[in-house]
>>> print(open('data32.cif').read())   # mmCIF, C-alpha atoms and all ligand atoms
data_model
loop_
_atom_site.group_PDB
_atom_site.id
_atom_site.type_symbol
_atom_site.label_atom_id
_atom_site.label_comp_id
_atom_site.auth_asym_id
_atom_site.auth_seq_id
_atom_site.Cartn_x
_atom_site.Cartn_y
_atom_site.Cartn_z
ATOM 1 C CA MET A 244 100.425 72.010 155.820
ATOM 2 C CA ALA A 245 98.163 71.977 152.789
ATOM 3 C CA GLU A 246 95.100 69.738 152.656
ATOM 4 C CA ARG A 247 95.564 66.040 151.883
ATOM 5 C CA THR A 248 93.291 63.504 150.208
ATOM 6 C CA LEU A 249 93.292 59.771 149.509
ATOM 7 C CA ILE A 250 93.197 58.929 145.818
ATOM 8 C CA ILE A 251 92.891 55.326 144.630
ATOM 9 C CA ILE A 252 93.395 54.153 141.070
ATOM 10 C CA LYS A 253 90.993 51.226 141.183
ATOM 11 C CA PRO A 254 91.513 47.778 139.583
ATOM 12 C CA ASP A 255 90.015 48.868 136.238
ATOM 13 C CA GLY A 256 92.501 51.768 135.982
ATOM 14 C CA ILE A 257 95.437 49.416 136.619
ATOM 15 C CA GLN A 258 94.180 46.656 134.295
ATOM 16 C CA ARG A 259 93.445 49.160 131.527
ATOM 17 C CA GLN A 260 96.969 50.585 132.004
ATOM 18 C CA VAL A 261 95.849 54.198 132.320
ATOM 19 C CA ALA A 262 97.354 54.866 135.779
ATOM 20 C CA GLY A 263 100.077 57.017 134.211
ATOM 21 C CA GLN A 264 97.530 59.129 132.355
ATOM 22 C CA ILE A 265 95.572 59.688 135.570
ATOM 23 C CA ILE A 266 98.708 60.559 137.562
ATOM 24 C CA SER A 267 99.717 63.008 134.789
ATOM 25 C CA ARG A 268 96.503 64.931 135.426
ATOM 26 C CA LEU A 269 97.288 65.164 139.157
ATOM 27 C CA GLU A 270 100.816 66.428 138.441
ATOM 28 C CA ARG A 271 99.587 68.840 135.780
ATOM 29 C CA ARG A 272 97.164 70.384 138.271
ATOM 30 C CA GLY A 273 100.078 71.013 140.662
ATOM 31 C CA PHE A 274 99.205 68.462 143.338
ATOM 32 C CA LYS A 275 102.093 67.102 145.429
ATOM 33 C CA LEU A 276 102.489 63.338 145.930
ATOM 34 C CA VAL A 277 103.174 62.496 149.587
ATOM 35 C CA GLY A 278 102.523 58.736 149.749
ATOM 36 C CA ALA A 279 101.858 55.721 147.529
ATOM 37 C CA LYS A 280 101.243 51.980 147.876
ATOM 38 C CA PHE A 281 100.467 49.387 145.220
ATOM 39 C CA LEU A 282 98.432 46.650 146.849
ATOM 40 C CA HIS A 283 95.683 44.136 146.459
ATOM 41 C CA ILE A 284 92.821 45.427 148.633
ATOM 42 C CA THR A 285 91.303 42.383 150.349
ATOM 43 C CA VAL A 286 87.579 41.752 150.840
ATOM 44 C CA GLU A 287 88.032 42.572 154.558
ATOM 45 C CA LEU A 288 89.808 45.882 153.847
ATOM 46 C CA ALA A 289 87.255 46.818 151.180
ATOM 47 C CA ASN A 290 84.378 46.194 153.597
ATOM 48 C CA GLU A 291 86.024 48.464 156.148
ATOM 49 C CA LEU A 292 86.984 51.164 153.646
ATOM 50 C CA TYR A 293 83.416 51.314 152.352
ATOM 51 C CA SER A 294 81.716 50.922 155.763
ATOM 52 C CA VAL A 295 79.587 54.027 155.010
ATOM 53 C CA HIS A 296 77.919 52.000 152.260
ATOM 54 C CA HIS A 297 76.954 49.019 154.450
ATOM 55 C CA GLY A 298 73.337 48.092 153.802
ATOM 56 C CA LYS A 299 73.306 49.604 150.298
ATOM 57 C CA PRO A 300 72.393 47.285 147.409
ATOM 58 C CA PHE A 301 75.633 47.956 145.526
ATOM 59 C CA LEU A 302 78.017 47.146 148.425
ATOM 60 C CA ASN A 303 78.650 43.483 147.523
ATOM 61 C CA GLY A 304 79.405 44.277 143.896
ATOM 62 C CA LEU A 305 81.635 47.180 144.928
ATOM 63 C CA VAL A 306 83.638 45.028 147.359
ATOM 64 C CA LYS A 307 84.009 42.291 144.711
ATOM 65 C CA PHE A 308 85.237 44.859 142.154
ATOM 66 C CA ILE A 309 87.723 46.596 144.461
ATOM 67 C CA SER A 310 89.173 43.291 145.698
ATOM 68 C CA SER A 311 89.363 41.699 142.229
ATOM 69 C CA SER A 312 92.847 42.964 141.285
ATOM 70 C CA PRO A 313 95.504 45.402 142.641
ATOM 71 C CA SER A 314 94.954 49.129 143.191
ATOM 72 C CA LEU A 315 97.321 52.080 143.485
ATOM 73 C CA VAL A 316 96.574 53.924 146.740
ATOM 74 C CA MET A 317 98.030 57.424 147.055
ATOM 75 C CA VAL A 318 97.986 60.536 149.206
ATOM 76 C CA TRP A 319 98.242 63.872 147.386
ATOM 77 C CA GLU A 320 98.435 67.369 148.820
ATOM 78 C CA ALA A 321 97.311 70.881 147.759
ATOM 79 C CA ASP A 322 95.187 73.671 149.200
ATOM 80 C CA GLY A 323 91.543 72.667 148.633
ATOM 81 C CA ILE A 324 92.519 69.342 147.038
ATOM 82 C CA ILE A 325 89.494 67.386 148.308
ATOM 83 C CA GLU A 326 86.998 69.547 146.437
ATOM 84 C CA ILE A 327 89.253 70.093 143.423
ATOM 85 C CA PHE A 328 89.826 66.369 142.960
ATOM 86 C CA ARG A 329 86.116 65.535 143.355
ATOM 87 C CA LYS A 330 85.530 67.916 140.426
ATOM 88 C CA MET A 331 88.365 66.314 138.440
ATOM 89 C CA MET A 332 86.890 62.806 139.044
ATOM 90 C CA GLY A 333 83.405 63.773 137.852
ATOM 91 C CA ALA A 334 80.070 62.171 138.726
ATOM 92 C CA THR A 335 80.121 58.661 140.237
ATOM 93 C CA PHE A 336 79.080 56.884 137.035
ATOM 94 C CA GLY A 337 81.146 57.412 133.896
ATOM 95 C CA CYS A 338 77.913 57.476 131.879
ATOM 96 C CA ASN A 339 76.836 60.617 133.795
ATOM 97 C CA ALA A 340 80.251 62.265 134.194
ATOM 98 C CA GLU A 341 81.122 65.393 132.232
ATOM 99 C CA THR A 342 83.636 65.068 129.413
ATOM 100 C CA GLY A 343 86.928 66.494 130.663
ATOM 101 C CA THR A 344 86.675 64.716 134.016
ATOM 102 C CA ILE A 345 88.610 61.495 134.653
ATOM 103 C CA ARG A 346 85.464 59.363 134.778
ATOM 104 C CA GLY A 347 83.913 61.242 131.870
ATOM 105 C CA ASP A 348 86.994 60.746 129.710
ATOM 106 C CA PHE A 349 87.844 57.133 130.604
ATOM 107 C CA SER A 350 84.496 55.482 131.298
ATOM 108 C CA CYS A 351 80.993 55.124 129.893
ATOM 109 C CA GLY A 352 79.936 52.618 132.542
ATOM 110 C CA LYS A 353 78.794 52.619 136.163
ATOM 111 C CA ARG A 354 80.677 50.850 138.970
ATOM 112 C CA PHE A 355 83.935 50.580 137.006
ATOM 113 C CA ASN A 356 84.839 54.250 137.363
ATOM 114 C CA LEU A 357 88.641 54.142 137.742
ATOM 115 C CA VAL A 358 89.201 56.396 140.740
ATOM 116 C CA HIS A 359 88.305 57.012 144.363
ATOM 117 C CA GLY A 360 88.719 60.388 146.066
ATOM 118 C CA SER A 361 87.875 61.253 149.682
ATOM 119 C CA ASP A 362 84.676 63.305 149.936
ATOM 120 C CA SER A 363 85.392 65.419 153.071
ATOM 121 C CA PRO A 364 88.264 66.291 155.438
ATOM 122 C CA GLU A 365 86.899 63.722 157.928
ATOM 123 C CA SER A 366 86.780 60.949 155.297
ATOM 124 C CA ALA A 367 90.254 61.912 154.076
ATOM 125 C CA ALA A 368 91.723 61.662 157.592
ATOM 126 C CA ARG A 369 90.059 58.278 158.174
ATOM 127 C CA GLU A 370 90.979 56.835 154.774
ATOM 128 C CA ILE A 371 94.597 58.057 154.931
ATOM 129 C CA ARG A 372 95.003 56.514 158.422
ATOM 130 C CA PHE A 373 93.487 53.327 157.080
ATOM 131 C CA PHE A 374 96.272 52.785 154.518
ATOM 132 C CA PHE A 375 99.294 54.744 155.809
ATOM 133 C CA LYS A 376 101.251 55.064 159.048
ATOM 134 C CA PRO A 377 102.280 58.701 159.697
ATOM 135 C CA ASP A 378 105.937 57.971 158.815
ATOM 136 C CA GLU A 379 104.911 56.538 155.432
ATOM 137 C CA LEU A 380 103.846 60.016 154.308
ATOM 138 C CA VAL A 381 106.828 61.975 153.033
ATOM 139 C CA ASN A 382 107.408 65.619 153.951
ATOM 140 C CA TYR A 383 109.352 67.595 151.346
ATOM 141 C CA ASP A 384 109.095 70.791 149.325
ATOM 142 C CA LEU A 385 108.245 70.920 145.650
ATOM 143 C CA THR A 386 110.900 73.179 144.185
ATOM 144 C CA ASN A 387 108.386 74.762 141.782
ATOM 145 C CA ALA A 388 105.675 75.341 144.435
ATOM 146 C CA HIS A 389 106.024 79.111 144.112
ATOM 147 C CA TRP A 390 105.305 78.903 140.380
ATOM 148 C CA ILE A 391 102.251 76.695 140.936
ATOM 149 C CA CYS A 392 100.596 78.686 143.723
ATOM 150 C CA GLY A 393 101.865 82.154 142.846
ATOM 151 C CA VAL A 394 101.864 85.031 145.290
ATOM 152 C CA ASN A 395 98.377 85.870 146.454
ATOM 153 C CA ASP A 396 98.726 89.431 147.710
HETATM 154 P P1 LIG B 1 82.006 58.131 144.717
HETATM 155 O O1 LIG B 1 83.110 57.131 144.359
HETATM 156 O O2 LIG B 1 81.668 59.028 143.560
HETATM 157 O O3 LIG B 1 82.290 58.867 146.003
HETATM 158 P P2 LIG B 1 80.110 56.510 146.243
HETATM 159 O O4 LIG B 1 78.635 56.822 146.327
HETATM 160 O O5 LIG B 1 80.956 56.789 147.452
HETATM 161 O O6 LIG B 1 80.684 57.256 144.947
HETATM 162 O O7 LIG B 1 80.224 54.967 145.865
HETATM 163 C C1 LIG B 1 81.444 54.277 145.990
HETATM 164 C C2 LIG B 1 81.675 53.444 144.743
HETATM 165 O O8 LIG B 1 80.663 52.429 144.668
HETATM 166 C C3 LIG B 1 81.532 54.198 143.423
HETATM 167 O O9 LIG B 1 82.731 54.889 143.073
HETATM 168 C C4 LIG B 1 81.189 53.109 142.459
HETATM 169 O O10 LIG B 1 82.354 52.367 142.075
HETATM 170 C C5 LIG B 1 80.304 52.215 143.310
HETATM 171 N N1 LIG B 1 78.864 52.524 143.206
HETATM 172 C C6 LIG B 1 78.201 53.552 143.762
HETATM 173 N N2 LIG B 1 76.886 53.522 143.501
HETATM 174 C C7 LIG B 1 76.699 52.402 142.768
HETATM 175 C C8 LIG B 1 75.545 51.807 142.177
HETATM 176 O O11 LIG B 1 74.404 52.275 142.302
HETATM 177 N N3 LIG B 1 75.775 50.679 141.461
HETATM 178 C C9 LIG B 1 77.003 50.128 141.323
HETATM 179 N N4 LIG B 1 78.100 50.643 141.868
HETATM 180 C C10 LIG B 1 77.965 51.779 142.585
HETATM 181 MG MG MG B 2 82.464 58.125 147.987
#
>>> encode(input="data32.cif", output="structure tokens", more="lines below")
Ligand code: IDP
Ligand code: MG
Amino acid sequence: MAERTLIIIKPDGIQRQVAGQIISRLERRGFKLVGAKFLHITVELANELYSVHHGKPFLNGLVKFISSSPSLVMVWEADGIIEIFRKMMGATFGCNAETGTIRGDFSCGKRFNLVHGSDSPESAAREIRFFFKPDELVNYDLTNAHWICGVND
């Protein structure tokens, strides 16, 4: 099975109605969607999701932002997707992110940066488990997979 990552379109992405544009970029890159949930992340869930940031000065503001309105939580799959998607997201703050990245194209701010992407295989496994039961992730073949990945011989 190819690598999987957790991608969240955060409340600002939903409220600004750019979720479709962000998903288009994931499809265009050849990623495969294997799970999705539209939900309002509660303060409790946000605190748990961002437990690595406990004690940091921005945690309270981050939790307030993430729990302020619904998010679209998804699992996508592709070889090397964790690193590829981190590059597609760009630097944490839109004001620092390169043009061409999601954050660099949709944001000039800081905390309101539209997307979350797991930062390592360990984080991906933990974050995916956090939102999805194993049977909520769908196994299927993309009929054009051969044309996306090619033959590497
Ligand atoms: P990442 O989303 O690029 O992995 P993290 O350091 O994991 O960045 O931070 C999680 C989220 O917390 C960021 O996406 C951003 O929304 C917010 N954040 C991070 N650092 C700051 C800060 O210094 N001020 C305000 N918000 C921050
Ligand atoms: Mg992070």
>>> closest_residue(input="data32.cif", among="A:Asp348, A:Glu291, A:Glu370, A:Asp362", to="Val316 of chain A", atoms="all atoms listed in the file")
A:Glu370
>>> axis_aligned_box(input="data32.cif", around="ligand LIG 1 (chain B)", padding_each_side="8 Å", output="JSON")
{"center_x": 78.8, "center_y": 54.6, "center_z": 144.4, "size_x": 24.7, "size_y": 24.9, "size_z": 22.1}
>>> resolve_selection(input="data32.cif", expression="the PyMOL selection byres (((not hetatm)) within 8 of (chain B and resi 2))", output="ChimeraX atom specification")
/A:359-362
>>> write_last_selection(input="data32.cif", atoms="C-alpha atoms", output="PDB file, in the coordinates of the input")
ATOM      1  CA  HIS A 359      88.305  57.012 144.363  1.00  0.00           C
ATOM      2  CA  GLY A 360      88.719  60.388 146.066  1.00  0.00           C
ATOM      3  CA  SER A 361      87.875  61.253 149.682  1.00  0.00           C
ATOM      4  CA  ASP A 362      84.676  63.305 149.936  1.00  0.00           C
TER       5      ASP A 362
END
>>> residues_near_ligand(input="data32.cif", ligand="ligand LIG 1 (chain B)", cutoff="8 Å", atoms="only C-alpha atoms and all ligand atoms", output="list in words")
Tyr293, His296, Pro300, Phe301, Leu302, Gly304, Leu305, Arg329, Met332, Gly333, Ala334, Thr335, Phe336, Lys353, Arg354, Phe355, Asn356, Leu357, Val358, His359, Gly360, Ser361 and Asp362 of chain A
>>> resolve_selection(input="data32.cif", expression="the PyMOL selection byres (((chain A and resi 272) around 10) and not hetatm)", output="list in words")
Ile266, Ser267, Arg268, Leu269, Glu270, Arg271, Gly273, Phe274, Lys275, Ala321, Ile324, Ile327, Phe328, Met331 and Ile391 of chain A
>>> write_last_selection(input="data32.cif", atoms="C-alpha atoms", output="PDB file, in the coordinates of the input")
ATOM      1  CA  ILE A 266      98.708  60.559 137.562  1.00  0.00           C
ATOM      2  CA  SER A 267      99.717  63.008 134.789  1.00  0.00           C
ATOM      3  CA  ARG A 268      96.503  64.931 135.426  1.00  0.00           C
ATOM      4  CA  LEU A 269      97.288  65.164 139.157  1.00  0.00           C
ATOM      5  CA  GLU A 270     100.816  66.428 138.441  1.00  0.00           C
ATOM      6  CA  ARG A 271      99.587  68.840 135.780  1.00  0.00           C
ATOM      7  CA  GLY A 273     100.078  71.013 140.662  1.00  0.00           C
ATOM      8  CA  PHE A 274      99.205  68.462 143.338  1.00  0.00           C
ATOM      9  CA  LYS A 275     102.093  67.102 145.429  1.00  0.00           C
ATOM     10  CA  ALA A 321      97.311  70.881 147.759  1.00  0.00           C
ATOM     11  CA  ILE A 324      92.519  69.342 147.038  1.00  0.00           C
ATOM     12  CA  ILE A 327      89.253  70.093 143.423  1.00  0.00           C
ATOM     13  CA  PHE A 328      89.826  66.369 142.960  1.00  0.00           C
ATOM     14  CA  MET A 331      88.365  66.314 138.440  1.00  0.00           C
ATOM     15  CA  ILE A 391     102.251  76.695 140.936  1.00  0.00           C
TER      16      ILE A 391
END
>>> resolve_selection(input="data32.cif", expression="the PyMOL selection byres (((chain A and resi 277) around 10) and not hetatm)", output="JSON, numbers by chain")
{"A": [247, 248, 274, 275, 276, 278, 279, 317, 318, 319, 320, 379, 380, 381, 382, 383]}
>>> atom_distance(input="data32.cif", atom1="atom CA of Thr342 of chain A", atom2="atom CA of Asp322 of chain A")
24.5 Å
>>> residues_near_point(input="data32.cif", point="(90.8, 72.7, 152.5)", cutoff="8 Å", atoms="all atoms listed in the file", output="MDAnalysis selection string")
chainID A and resid 245:246 322:326 364
>>> atom_distance(input="data32.cif", atom1="atom CA of Cys338 of chain A", atom2="atom CA of Leu282 of chain A")
27.6 Å
>>> residues_around(input="data32.cif", residues="Pro254 of chain A", least_positions_apart="5", cutoff="8 Å", atoms="all atoms listed in the file", output="list of chain:residue names")
A:Phe308, A:Ile309, A:Ser310, A:Ser311, A:Ser312, A:Pro313, A:Ser314, A:Leu357
>>> atom_distance(input="data32.cif", atom1="atom CA of Ile284 of chain A", atom2="atom CA of Met244 of chain A")
28.6 Å
>>> closest_residue(input="data32.cif", among="A:Leu249, A:Val295, A:Ala262, A:Leu385", to="Phe349 of chain A", atoms="only C-alpha atoms")
A:Ala262
>>> residues_near_point(input="data32.cif", point="(97.1, 56.0, 139.4)", cutoff="7 Å", atoms="all atoms listed in the file", output="PyMOL selection string")
chain A and resi 251-252+262-263+265-266+315
>>> residues_around(input="data32.cif", residues="Ser294 of chain A", least_positions_apart="4", cutoff="12 Å", atoms="all atoms listed in the file", output="PyMOL selection string")
chain A and resi 286-290+298-299+302-303+305-306+366+369-370
>>> closest_residue(input="data32.cif", among="A:Val394, A:Asp384, A:Ile345, A:Cys351", to="Gln264 of chain A", atoms="all atoms listed in the file")
A:Ile345
>>> closest_residue(input="data32.cif", among="A:Lys330, A:His389, A:Arg259, A:Lys376", to="Gly347 of chain A", atoms="all atoms listed in the file")
A:Lys330
